[in-house]
file coords_21.csv (CSV, N, CA and C atoms)
chain,number,residue,atom,x,y,z
A,1,MET,N,192.9,216.8,158.3
A,1,MET,CA,193.2,215.4,158.6
A,1,MET,C,192.1,214.5,158.1
A,2,SER,N,192.4,213.5,157.5
A,2,SER,CA,191.3,212.6,157.0
A,2,SER,C,191.0,211.6,158.1
A,3,THR,N,189.9,210.8,157.9
A,3,THR,CA,189.5,209.8,158.9
A,3,THR,C,190.4,208.6,159.0
A,4,ILE,N,190.4,208.0,160.1
A,4,ILE,CA,191.3,206.8,160.4
A,4,ILE,C,190.4,205.6,160.5
A,5,GLU,N,190.8,204.5,159.8
A,5,GLU,CA,190.0,203.3,160.0
A,5,GLU,C,190.3,202.7,161.3
A,6,LEU,N,189.3,202.5,162.1
A,6,LEU,CA,189.5,202.0,163.5
A,6,LEU,C,189.1,200.5,163.5
A,7,THR,N,190.0,199.7,164.0
A,7,THR,CA,189.9,198.2,164.1
A,7,THR,C,190.2,197.8,165.5
A,8,LYS,N,189.8,196.5,165.8
A,8,LYS,CA,190.1,196.0,167.1
A,8,LYS,C,191.7,195.9,167.3
A,9,ASP,N,192.4,195.9,166.2
A,9,ASP,CA,193.9,195.8,166.3
A,9,ASP,C,194.5,197.1,166.7
A,10,ASN,N,193.9,198.3,166.2
A,10,ASN,CA,194.5,199.6,166.5
A,10,ASN,C,193.8,200.4,167.5
A,11,PHE,N,192.7,199.8,168.0
A,11,PHE,CA,191.8,200.6,168.9
A,11,PHE,C,192.5,201.1,170.1
A,12,ASP,N,193.2,200.2,170.9
A,12,ASP,CA,193.9,200.7,172.1
A,12,ASP,C,195.0,201.8,171.8
A,13,GLU,N,195.7,201.6,170.7
A,13,GLU,CA,196.7,202.6,170.3
A,13,GLU,C,196.1,204.0,170.0
A,14,ILE,N,195.0,204.0,169.3
A,14,ILE,CA,194.3,205.2,168.9
A,14,ILE,C,193.7,205.9,170.2
A,15,VAL,N,193.1,205.1,171.1
A,15,VAL,CA,192.6,205.7,172.3
A,15,VAL,C,193.7,206.2,173.2
A,16,GLN,N,194.8,205.6,173.3
A,16,GLN,CA,195.9,206.0,174.1
A,16,GLN,C,196.6,207.3,173.5
A,17,ASP,N,196.6,207.4,172.2
A,17,ASP,CA,197.3,208.5,171.5
A,17,ASP,C,196.5,209.7,171.3
A,18,ASN,N,195.2,209.7,171.6
A,18,ASN,CA,194.3,210.8,171.3
A,18,ASN,C,193.4,211.1,172.5
A,19,ASP,N,193.2,212.3,172.8
A,19,ASP,CA,192.3,212.7,173.9
A,19,ASP,C,190.9,212.9,173.5
A,20,PHE,N,190.6,213.1,172.2
A,20,PHE,CA,189.3,213.3,171.7
A,20,PHE,C,189.1,212.6,170.4
A,21,ILE,N,188.2,211.6,170.5
A,21,ILE,CA,188.0,210.7,169.3
A,21,ILE,C,186.5,210.6,169.0
A,22,LEU,N,186.2,210.8,167.7
A,22,LEU,CA,184.9,210.6,167.2
A,22,LEU,C,184.9,209.2,166.4
A,23,ILE,N,183.9,208.4,166.6
A,23,ILE,CA,183.8,207.2,165.9
A,23,ILE,C,182.5,207.1,165.1
A,24,ASP,N,182.6,206.9,163.9
A,24,ASP,CA,181.5,206.7,163.0
A,24,ASP,C,181.4,205.2,162.7
A,25,PHE,N,180.3,204.5,163.2
A,25,PHE,CA,180.1,203.1,162.9
A,25,PHE,C,179.2,203.1,161.7
A,26,TRP,N,179.6,202.4,160.7
A,26,TRP,CA,178.9,202.5,159.4
A,26,TRP,C,179.0,201.1,158.7
A,27,ALA,N,178.3,201.0,157.5
A,27,ALA,CA,178.5,199.9,156.6
A,27,ALA,C,178.2,200.4,155.2
A,28,SER,N,178.9,199.8,154.2
A,28,SER,CA,178.8,200.2,152.9
A,28,SER,C,177.4,200.1,152.3
A,29,TRP,N,176.6,199.2,152.7
A,29,TRP,CA,175.2,199.0,152.2
A,29,TRP,C,174.2,200.0,152.8
A,30,CYS,N,174.6,200.7,153.8
A,30,CYS,CA,173.7,201.6,154.6
A,30,CYS,C,173.6,203.0,153.9
A,31,GLY,N,172.4,203.2,153.4
A,31,GLY,CA,172.1,204.5,152.8
A,31,GLY,C,172.3,205.7,153.7
A,32,PRO,N,171.8,205.8,154.9
A,32,PRO,CA,172.0,206.9,155.8
A,32,PRO,C,173.5,207.0,156.1
A,33,CYS,N,174.3,205.9,156.2
A,33,CYS,CA,175.7,206.0,156.4
A,33,CYS,C,176.4,206.7,155.3
A,34,ARG,N,176.0,206.4,154.0
A,34,ARG,CA,176.6,207.0,152.9
A,34,ARG,C,176.3,208.5,152.8
A,35,SER,N,175.1,208.9,153.3
A,35,SER,CA,174.7,210.3,153.4
A,35,SER,C,175.5,211.0,154.4
A,36,PHE,N,175.7,210.4,155.6
A,36,PHE,CA,176.5,211.0,156.7
A,36,PHE,C,178.0,211.1,156.4
A,37,GLY,N,178.5,210.2,155.6
A,37,GLY,CA,179.9,210.2,155.3
A,37,GLY,C,180.5,211.5,154.9
A,38,PRO,N,180.0,212.2,153.9
A,38,PRO,CA,180.6,213.5,153.5
A,38,PRO,C,180.5,214.6,154.6
A,39,VAL,N,179.5,214.5,155.4
A,39,VAL,CA,179.3,215.5,156.5
A,39,VAL,C,180.4,215.2,157.6
A,40,TYR,N,180.6,213.9,157.8
A,40,TYR,CA,181.7,213.5,158.8
A,40,TYR,C,183.1,213.9,158.3
A,41,GLU,N,183.3,213.6,157.0
A,41,GLU,CA,184.6,213.9,156.4
A,41,GLU,C,184.9,215.4,156.4
A,42,ALA,N,183.9,216.2,156.2
A,42,ALA,CA,184.1,217.7,156.2
A,42,ALA,C,184.4,218.2,157.6
A,43,ALA,N,183.7,217.6,158.6
A,43,ALA,CA,184.0,217.9,160.0
A,43,ALA,C,185.4,217.6,160.3
A,44,ALA,N,185.9,216.4,159.8
A,44,ALA,CA,187.3,216.0,160.1
A,44,ALA,C,188.3,217.0,159.5
A,45,GLU,N,187.9,217.6,158.4
A,45,GLU,CA,188.8,218.6,157.8
A,45,GLU,C,188.8,219.9,158.6
A,46,ARG,N,187.6,220.3,159.2
A,46,ARG,CA,187.5,221.5,160.0
A,46,ARG,C,188.1,221.4,161.4
A,47,HIS,N,188.3,220.1,161.9
A,47,HIS,CA,188.8,219.9,163.2
A,47,HIS,C,190.0,219.0,163.2
A,48,PRO,N,191.1,219.5,162.7
A,48,PRO,CA,192.3,218.6,162.5
A,48,PRO,C,192.9,218.2,163.9
A,49,ASP,N,192.5,218.9,165.0
A,49,ASP,CA,193.0,218.5,166.3
A,49,ASP,C,192.3,217.3,166.9
A,50,LEU,N,191.2,216.9,166.3
A,50,LEU,CA,190.5,215.7,166.8
A,50,LEU,C,190.7,214.5,165.9
A,51,ALA,N,190.6,213.3,166.5
A,51,ALA,CA,190.7,212.1,165.8
A,51,ALA,C,189.4,211.6,165.3
A,52,PHE,N,189.2,211.7,164.0
A,52,PHE,CA,187.9,211.2,163.4
A,52,PHE,C,188.2,209.8,162.9
A,53,THR,N,187.5,208.8,163.4
A,53,THR,CA,187.7,207.4,163.0
A,53,THR,C,186.4,206.8,162.5
A,54,LYS,N,186.5,205.7,161.7
A,54,LYS,CA,185.4,205.0,161.2
A,54,LYS,C,185.6,203.6,161.4
A,55,VAL,N,184.4,202.9,161.8
A,55,VAL,CA,184.4,201.5,162.0
A,55,VAL,C,183.4,200.9,161.0
A,56,ASP,N,184.0,200.0,160.2
A,56,ASP,CA,183.1,199.3,159.2
A,56,ASP,C,182.5,198.1,160.1
A,57,THR,N,181.2,198.2,160.4
A,57,THR,CA,180.6,197.2,161.2
A,57,THR,C,180.6,195.8,160.7
A,58,GLU,N,180.7,195.7,159.3
A,58,GLU,CA,180.7,194.4,158.7
A,58,GLU,C,182.1,193.7,159.0
A,59,ALA,N,183.1,194.5,158.9
A,59,ALA,CA,184.5,194.0,159.1
A,59,ALA,C,184.9,193.9,160.5
A,60,GLN,N,184.3,194.8,161.4
A,60,GLN,CA,184.7,194.9,162.8
A,60,GLN,C,183.5,194.6,163.7
A,61,GLN,N,182.9,193.5,163.5
A,61,GLN,CA,181.7,193.1,164.3
A,61,GLN,C,182.0,193.1,165.8
A,62,GLU,N,183.2,192.7,166.2
A,62,GLU,CA,183.6,192.6,167.6
A,62,GLU,C,183.6,194.0,168.2
A,63,LEU,N,184.2,194.9,167.5
A,63,LEU,CA,184.3,196.3,168.0
A,63,LEU,C,182.9,196.9,168.1
A,64,ALA,N,182.0,196.7,167.0
A,64,ALA,CA,180.7,197.2,167.1
A,64,ALA,C,179.9,196.6,168.2
A,65,SER,N,180.1,195.4,168.5
A,65,SER,CA,179.4,194.7,169.6
A,65,SER,C,179.9,195.3,170.9
A,66,ALA,N,181.2,195.6,171.1
A,66,ALA,CA,181.7,196.1,172.3
A,66,ALA,C,181.1,197.5,172.6
A,67,PHE,N,180.7,198.2,171.6
A,67,PHE,CA,180.0,199.5,171.8
A,67,PHE,C,178.5,199.4,171.7
A,68,GLU,N,178.0,198.2,171.7
A,68,GLU,CA,176.6,197.9,171.7
A,68,GLU,C,175.9,198.6,170.6
A,69,VAL,N,176.5,198.6,169.4
A,69,VAL,CA,175.9,199.3,168.2
A,69,VAL,C,174.8,198.4,167.7
A,70,GLN,N,173.6,198.9,167.7
A,70,GLN,CA,172.4,198.1,167.2
A,70,GLN,C,171.8,198.7,165.9
A,71,SER,N,172.2,200.0,165.6
A,71,SER,CA,171.7,200.7,164.4
A,71,SER,C,172.8,201.5,163.9
A,72,ILE,N,172.9,201.6,162.6
A,72,ILE,CA,173.9,202.4,161.9
A,72,ILE,C,173.2,203.5,161.0
A,73,PRO,N,173.9,204.6,160.9
A,73,PRO,CA,175.1,205.0,161.5
A,73,PRO,C,175.0,205.3,163.0
A,74,THR,N,176.0,205.0,163.8
A,74,THR,CA,176.1,205.4,165.2
A,74,THR,C,177.3,206.2,165.3
A,75,LEU,N,177.2,207.3,166.0
A,75,LEU,CA,178.3,208.2,166.3
A,75,LEU,C,178.6,208.0,167.8
A,76,ALA,N,179.9,207.8,168.1
A,76,ALA,CA,180.4,207.8,169.5
A,76,ALA,C,181.5,208.8,169.7
A,77,ILE,N,181.6,209.3,170.9
A,77,ILE,CA,182.7,210.2,171.2
A,77,ILE,C,183.4,209.7,172.5
A,78,ILE,N,184.7,209.7,172.4
A,78,ILE,CA,185.6,209.3,173.6
A,78,ILE,C,186.5,210.5,173.9
A,79,ARG,N,186.4,210.9,175.1
A,79,ARG,CA,187.3,212.0,175.6
A,79,ARG,C,188.0,211.5,176.8
A,80,ASP,N,189.3,211.7,176.8
A,80,ASP,CA,190.2,211.2,177.9
A,80,ASP,C,189.9,209.8,178.3
A,81,ARG,N,189.8,208.9,177.3
A,81,ARG,CA,189.6,207.5,177.4
A,81,ARG,C,188.2,207.2,178.1
A,82,THR,N,187.3,208.1,178.0
A,82,THR,CA,185.9,207.9,178.6
A,82,THR,C,184.9,208.1,177.5
A,83,LEU,N,184.0,207.2,177.4
A,83,LEU,CA,182.9,207.3,176.4
A,83,LEU,C,181.9,208.4,176.9
A,84,VAL,N,181.8,209.5,176.2
A,84,VAL,CA,180.9,210.5,176.6
A,84,VAL,C,179.6,210.7,175.8
A,85,PHE,N,179.6,210.0,174.6
A,85,PHE,CA,178.4,210.1,173.7
A,85,PHE,C,178.4,208.9,172.9
A,86,SER,N,177.2,208.4,172.7
A,86,SER,CA,176.9,207.3,171.7
A,86,SER,C,175.5,207.3,171.3
A,87,GLN,N,175.2,207.5,170.0
A,87,GLN,CA,173.8,207.6,169.6
A,87,GLN,C,173.7,207.3,168.1
A,88,PRO,N,172.7,206.5,167.8
A,88,PRO,CA,172.5,206.2,166.3
A,88,PRO,C,171.8,207.4,165.6
A,89,GLY,N,172.0,207.4,164.3
A,89,GLY,CA,171.4,208.4,163.5
A,89,GLY,C,172.4,209.3,162.7
A,90,ALA,N,172.1,209.6,161.5
A,90,ALA,CA,172.9,210.5,160.7
A,90,ALA,C,172.6,211.9,161.1
A,91,LEU,N,173.6,212.7,161.4
A,91,LEU,CA,173.4,214.1,161.8
A,91,LEU,C,173.6,215.0,160.7
A,92,PRO,N,172.9,216.1,160.6
A,92,PRO,CA,173.2,217.2,159.7
A,92,PRO,C,174.4,217.9,160.2
A,93,GLU,N,175.1,218.7,159.3
A,93,GLU,CA,176.3,219.4,159.6
A,93,GLU,C,176.2,220.2,160.9
A,94,THR,N,175.1,221.0,161.0
A,94,THR,CA,175.0,221.9,162.1
A,94,THR,C,174.9,221.1,163.4
A,95,ALA,N,174.2,220.0,163.4
A,95,ALA,CA,174.0,219.2,164.6
A,95,ALA,C,175.3,218.6,165.0
A,96,LEU,N,176.1,218.1,164.0
A,96,LEU,CA,177.4,217.5,164.3
A,96,LEU,C,178.4,218.6,164.9
A,97,GLU,N,178.4,219.8,164.3
A,97,GLU,CA,179.2,220.8,164.9
A,97,GLU,C,178.8,221.2,166.3
A,98,ASP,N,177.5,221.3,166.6
A,98,ASP,CA,177.0,221.6,167.9
A,98,ASP,C,177.5,220.5,168.9
A,99,LEU,N,177.4,219.2,168.5
A,99,LEU,CA,177.8,218.1,169.3
A,99,LEU,C,179.3,218.2,169.6
A,100,ILE,N,180.1,218.5,168.6
A,100,ILE,CA,181.5,218.6,168.8
A,100,ILE,C,181.8,219.7,169.8
A,101,GLY,N,181.1,220.8,169.7
A,101,GLY,CA,181.3,221.9,170.6
A,101,GLY,C,180.9,221.5,172.1
A,102,GLN,N,179.8,220.8,172.2
A,102,GLN,CA,179.4,220.4,173.5
A,102,GLN,C,180.4,219.4,174.1
A,103,ALA,N,180.9,218.5,173.3
A,103,ALA,CA,181.9,217.6,173.8
A,103,ALA,C,183.2,218.3,174.2
A,104,ARG,N,183.6,219.3,173.5
A,104,ARG,CA,184.8,220.1,173.8
A,104,ARG,C,184.6,220.8,175.1
A,105,ASP,N,183.4,221.2,175.4
A,105,ASP,CA,183.1,222.0,176.6
A,105,ASP,C,182.9,221.2,177.9
A,106,LEU,N,182.8,219.9,177.7
A,106,LEU,CA,182.6,219.0,178.9
A,106,LEU,C,183.7,219.2,180.0
A,107,ASP,N,183.3,219.2,181.2
A,107,ASP,CA,184.2,219.2,182.3
A,107,ASP,C,184.5,217.8,182.6
A,108,MET,N,185.6,217.3,182.1
A,108,MET,CA,185.9,215.9,182.2
A,108,MET,C,186.1,215.4,183.7
A,109,GLU,N,186.5,216.3,184.6
A,109,GLU,CA,186.6,215.9,186.0
A,109,GLU,C,185.2,215.5,186.5
A,110,GLU,N,184.2,216.4,186.1
A,110,GLU,CA,182.8,216.1,186.5
A,110,GLU,C,182.3,214.8,185.9
A,111,VAL,N,182.6,214.6,184.6
A,111,VAL,CA,182.2,213.3,183.9
A,111,VAL,C,182.8,212.1,184.7
A,112,ARG,N,184.1,212.2,185.0
A,112,ARG,CA,184.7,211.0,185.7
A,112,ARG,C,184.0,210.8,187.1
A,113,LYS,N,183.7,211.9,187.8
A,113,LYS,CA,183.1,211.8,189.1
A,113,LYS,C,181.7,211.1,189.0
A,114,ALA,N,180.9,211.6,188.0
A,114,ALA,CA,179.6,211.0,187.8
A,114,ALA,C,179.7,209.5,187.4
A,115,ALA,N,180.7,209.2,186.6
A,115,ALA,CA,180.8,207.8,186.2
A,115,ALA,C,181.2,206.9,187.4
A,116,ALA,N,182.1,207.5,188.2
A,116,ALA,CA,182.5,206.7,189.4
A,116,ALA,C,181.3,206.5,190.4
A,117,GLN,N,180.5,207.6,190.5
A,117,GLN,CA,179.3,207.4,191.4
A,117,GLN,C,178.3,206.4,190.8
A,118,ALA,N,178.1,206.5,189.5
A,118,ALA,CA,177.2,205.5,188.9
A,118,ALA,C,177.7,204.1,189.1
A,119,GLN,N,179.0,203.9,188.9
A,119,GLN,CA,179.6,202.6,189.0
A,119,GLN,C,179.5,202.1,190.5
A,120,ALA,N,179.7,203.0,191.4
A,120,ALA,CA,179.6,202.6,192.8
A,120,ALA,C,178.1,202.2,193.2
A,121,GLN,N,177.2,203.0,192.7
A,121,GLN,CA,175.8,202.6,192.9
A,121,GLN,C,175.4,201.3,192.3
A,122,GLU,N,175.9,201.1,191.1
A,122,GLU,CA,175.7,199.8,190.4
A,122,GLU,C,176.2,198.6,191.2
A,123,GLY,N,177.4,198.8,191.7
A,123,GLY,CA,178.1,197.8,192.5
A,123,GLY,C,177.4,197.6,193.8
A,124,GLY,N,176.8,198.7,194.4
A,124,GLY,CA,176.1,198.6,195.7
A,124,GLY,C,174.8,197.9,195.5
A,125,ALA,N,174.2,198.0,194.4
A,125,ALA,CA,172.8,197.4,194.1
A,125,ALA,C,172.9,195.9,194.0
A,126,THR,N,174.1,195.4,193.6
A,126,THR,CA,174.2,193.9,193.4
A,126,THR,C,174.7,193.3,194.7
A,127,ALA,N,175.3,194.1,195.6
A,127,ALA,CA,175.9,193.5,196.8
A,127,ALA,C,174.8,193.1,197.8
call {"tool": "encode", "arguments": {"input": "coords_21.csv", "output": "structure tokens"}}
result
Amino acid sequence: MSTIELTKDNFDEIVQDNDFILIDFWASWCGPCRSFGPVYEAAAERHPDLAFTKVDTEAQQELASAFEVQSIPTLAIIRDRTLVFSQPGALPETALEDLIGQARDLDMEEVRKAAAQAQAQEGGATA
């Protein structure tokens, strides 16, 4: 499966339709983004069960802002509609494969519990 262009218009649909989404935030002028592109595309071919998406930060500034992208390339992973990873930097193939494996192995019930606890603490601190 090839990568999907992610935009603010199709974002909700893509997130609803896929349980595991990788997002590559990039720009055409970015050298490291161009280097990471083939690594990302190859991973998409190896993992057809996952949704590999790309966000052109120049065309989709609102979406990049929503993810607080400050440096590109940035890779984000959403599992079960929960952001589980977001980090800038181009990854070599082995690191990307390792990251995909770690994200696959996450206990999403535990992730949701931890997120709920963090949100409750955040809310309690401001009250």
call {"tool": "atom_distance", "arguments": {"input": "coords_21.csv", "atom1": "atom CA of A:Glu93", "atom2": "atom N of A:Pro38"}}
result
9.9 Å
call {"tool": "residues_around", "arguments": {"input": "coords_21.csv", "residues": "A:Ala44", "least_positions_apart": "4", "cutoff": "6.5 Å", "atoms": "only N, CA and C atoms", "output": "list in words"}}
result
Met1, Ser2, Thr3, Val39, Tyr40, Pro48 and Phe52 of chain A
call {"tool": "closest_residue", "arguments": {"input": "coords_21.csv", "among": "A:Arg81, A:Arg112, A:Arg104, A:Arg34", "to": "A:Phe11", "atoms": "only C-alpha atoms"}}
result
A:Arg81
call {"tool": "select_by_dssp", "arguments": {"input": "coords_21.csv", "residues": "stretch 23-119 of chain A", "states": "strand (DSSP E or B)", "output": "PyMOL selection string"}}
result
chain A and resi 23-26+51-56+74-79+82-88
call {"tool": "atom_distance", "arguments": {"input": "coords_21.csv", "atom1": "atom CA of A:Val69", "atom2": "atom CA of A:Phe25"}}
result
7.8 Å
call {"tool": "residues_around", "arguments": {"input": "coords_21.csv", "residues": "A:Arg79", "least_positions_apart": "6", "cutoff": "7 Å", "atoms": "only N, CA and C atoms", "output": "VMD selection string"}}
result
chain A and resid 18 to 21 85
call {"tool": "residues_near_point", "arguments": {"input": "coords_21.csv", "point": "(191.2, 208.8, 166.0)", "cutoff": "6 Å", "atoms": "only N, CA and C atoms", "output": "list in words"}}
result
Ile4, Ile14, Ile21, Leu22, Leu50, Ala51, Phe52 and Thr53 of chain A
call {"tool": "atom_distance", "arguments": {"input": "coords_21.csv", "atom1": "atom CA of A:Glu5", "atom2": "atom CA of A:Asp105"}}
result
25.9 Å
call {"tool": "residues_around", "arguments": {"input": "coords_21.csv", "residues": "A:Cys33", "least_positions_apart": "6", "cutoff": "12 Å", "atoms": "only C-alpha atoms", "output": "PDB file with N, CA and C atoms, in the coordinates of the input"}}
result
ATOM      1  N   ASP A  24     182.600 206.900 163.900  1.00  0.00           N
ATOM      2  CA  ASP A  24     181.500 206.700 163.000  1.00  0.00           C
ATOM      3  C   ASP A  24     181.400 205.200 162.700  1.00  0.00           C
ATOM      4  N   PHE A  25     180.300 204.500 163.200  1.00  0.00           N
ATOM      5  CA  PHE A  25     180.100 203.100 162.900  1.00  0.00           C
ATOM      6  C   PHE A  25     179.200 203.100 161.700  1.00  0.00           C
ATOM      7  N   TRP A  26     179.600 202.400 160.700  1.00  0.00           N
ATOM      8  CA  TRP A  26     178.900 202.500 159.400  1.00  0.00           C
ATOM      9  C   TRP A  26     179.000 201.100 158.700  1.00  0.00           C
ATOM     10  N   ALA A  27     178.300 201.000 157.500  1.00  0.00           N
ATOM     11  CA  ALA A  27     178.500 199.900 156.600  1.00  0.00           C
ATOM     12  C   ALA A  27     178.200 200.400 155.200  1.00  0.00           C
ATOM     13  N   VAL A  39     179.500 214.500 155.400  1.00  0.00           N
ATOM     14  CA  VAL A  39     179.300 215.500 156.500  1.00  0.00           C
ATOM     15  C   VAL A  39     180.400 215.200 157.600  1.00  0.00           C
ATOM     16  N   TYR A  40     180.600 213.900 157.800  1.00  0.00           N
ATOM     17  CA  TYR A  40     181.700 213.500 158.800  1.00  0.00           C
ATOM     18  C   TYR A  40     183.100 213.900 158.300  1.00  0.00           C
ATOM     19  N   GLU A  41     183.300 213.600 157.000  1.00  0.00           N
ATOM     20  CA  GLU A  41     184.600 213.900 156.400  1.00  0.00           C
ATOM     21  C   GLU A  41     184.900 215.400 156.400  1.00  0.00           C
ATOM     22  N   LYS A  54     186.500 205.700 161.700  1.00  0.00           N
ATOM     23  CA  LYS A  54     185.400 205.000 161.200  1.00  0.00           C
ATOM     24  C   LYS A  54     185.600 203.600 161.400  1.00  0.00           C
ATOM     25  N   VAL A  55     184.400 202.900 161.800  1.00  0.00           N
ATOM     26  CA  VAL A  55     184.400 201.500 162.000  1.00  0.00           C
ATOM     27  C   VAL A  55     183.400 200.900 161.000  1.00  0.00           C
ATOM     28  N   ASP A  56     184.000 200.000 160.200  1.00  0.00           N
ATOM     29  CA  ASP A  56     183.100 199.300 159.200  1.00  0.00           C
ATOM     30  C   ASP A  56     182.500 198.100 160.100  1.00  0.00           C
ATOM     31  N   THR A  57     181.200 198.200 160.400  1.00  0.00           N
ATOM     32  CA  THR A  57     180.600 197.200 161.200  1.00  0.00           C
ATOM     33  C   THR A  57     180.600 195.800 160.700  1.00  0.00           C
ATOM     34  N   SER A  71     172.200 200.000 165.600  1.00  0.00           N
ATOM     35  CA  SER A  71     171.700 200.700 164.400  1.00  0.00           C
ATOM     36  C   SER A  71     172.800 201.500 163.900  1.00  0.00           C
ATOM     37  N   ILE A  72     172.900 201.600 162.600  1.00  0.00           N
ATOM     38  CA  ILE A  72     173.900 202.400 161.900  1.00  0.00           C
ATOM     39  C   ILE A  72     173.200 203.500 161.000  1.00  0.00           C
ATOM     40  N   PRO A  73     173.900 204.600 160.900  1.00  0.00           N
ATOM     41  CA  PRO A  73     175.100 205.000 161.500  1.00  0.00           C
ATOM     42  C   PRO A  73     175.000 205.300 163.000  1.00  0.00           C
ATOM     43  N   THR A  74     176.000 205.000 163.800  1.00  0.00           N
ATOM     44  CA  THR A  74     176.100 205.400 165.200  1.00  0.00           C
ATOM     45  C   THR A  74     177.300 206.200 165.300  1.00  0.00           C
ATOM     46  N   LEU A  75     177.200 207.300 166.000  1.00  0.00           N
ATOM     47  CA  LEU A  75     178.300 208.200 166.300  1.00  0.00           C
ATOM     48  C   LEU A  75     178.600 208.000 167.800  1.00  0.00           C
ATOM     49  N   PRO A  88     172.700 206.500 167.800  1.00  0.00           N
ATOM     50  CA  PRO A  88     172.500 206.200 166.300  1.00  0.00           C
ATOM     51  C   PRO A  88     171.800 207.400 165.600  1.00  0.00           C
ATOM     52  N   GLY A  89     172.000 207.400 164.300  1.00  0.00           N
ATOM     53  CA  GLY A  89     171.400 208.400 163.500  1.00  0.00           C
ATOM     54  C   GLY A  89     172.400 209.300 162.700  1.00  0.00           C
ATOM     55  N   ALA A  90     172.100 209.600 161.500  1.00  0.00           N
ATOM     56  CA  ALA A  90     172.900 210.500 160.700  1.00  0.00           C
ATOM     57  C   ALA A  90     172.600 211.900 161.100  1.00  0.00           C
ATOM     58  N   LEU A  91     173.600 212.700 161.400  1.00  0.00           N
ATOM     59  CA  LEU A  91     173.400 214.100 161.800  1.00  0.00           C
ATOM     60  C   LEU A  91     173.600 215.000 160.700  1.00  0.00           C
ATOM     61  N   PRO A  92     172.900 216.100 160.600  1.00  0.00           N
ATOM     62  CA  PRO A  92     173.200 217.200 159.700  1.00  0.00           C
ATOM     63  C   PRO A  92     174.400 217.900 160.200  1.00  0.00           C
TER      64      PRO A  92
END
call {"tool": "build_atoms", "arguments": {"input": "coords_21.csv", "residues": "stretch 104-109 of chain A", "atoms": "all heavy atoms", "output": "short mmCIF file (atom, residue, chain, number, x, y, z; two decimals), keeping the file's coordinate frame"}}
result
data_model
loop_
_atom_site.label_atom_id
_atom_site.label_comp_id
_atom_site.auth_asym_id
_atom_site.auth_seq_id
_atom_site.Cartn_x
_atom_site.Cartn_y
_atom_site.Cartn_z
N ARG A 104 183.60 219.30 173.50
CA ARG A 104 184.80 220.10 173.80
C ARG A 104 184.60 220.80 175.10
O ARG A 104 185.54 220.92 175.89
CB ARG A 104 185.05 221.12 172.72
CG ARG A 104 185.70 220.60 171.45
CD ARG A 104 186.05 221.79 170.57
NE ARG A 104 186.49 221.45 169.25
CZ ARG A 104 187.75 221.17 168.91
NH1 ARG A 104 188.69 221.17 169.82
NH2 ARG A 104 188.06 220.89 167.66
N ASP A 105 183.40 221.20 175.40
CA ASP A 105 183.10 222.00 176.60
C ASP A 105 182.90 221.20 177.90
O ASP A 105 182.75 221.74 178.96
CB ASP A 105 181.85 222.90 176.39
CG ASP A 105 182.09 224.01 175.39
OD1 ASP A 105 183.28 224.33 175.11
OD2 ASP A 105 181.11 224.56 174.86
N LEU A 106 182.80 219.90 177.70
CA LEU A 106 182.60 219.00 178.90
C LEU A 106 183.70 219.20 180.00
O LEU A 106 184.86 219.30 179.62
CB LEU A 106 182.57 217.54 178.51
CG LEU A 106 181.31 217.02 177.84
CD1 LEU A 106 181.53 215.58 177.38
CD2 LEU A 106 180.12 217.11 178.77
N ASP A 107 183.30 219.20 181.20
CA ASP A 107 184.20 219.20 182.30
C ASP A 107 184.50 217.80 182.60
O ASP A 107 183.68 217.07 183.25
CB ASP A 107 183.57 219.93 183.53
CG ASP A 107 184.48 219.94 184.75
OD1 ASP A 107 185.43 219.13 184.82
OD2 ASP A 107 184.22 220.75 185.64
N MET A 108 185.60 217.30 182.10
CA MET A 108 185.90 215.90 182.20
C MET A 108 186.10 215.40 183.70
O MET A 108 185.83 214.23 183.99
CB MET A 108 187.14 215.50 181.38
CG MET A 108 186.88 215.58 179.89
SD MET A 108 185.39 214.66 179.36
CE MET A 108 185.90 212.98 179.71
N GLU A 109 186.50 216.30 184.60
CA GLU A 109 186.60 215.90 186.00
C GLU A 109 185.20 215.50 186.50
O GLU A 109 184.98 214.56 187.21
CB GLU A 109 187.17 217.06 186.79
CG GLU A 109 187.57 216.66 188.19
CD GLU A 109 188.60 215.54 188.24
OE1 GLU A 109 189.51 215.51 187.39
OE2 GLU A 109 188.49 214.69 189.15
#
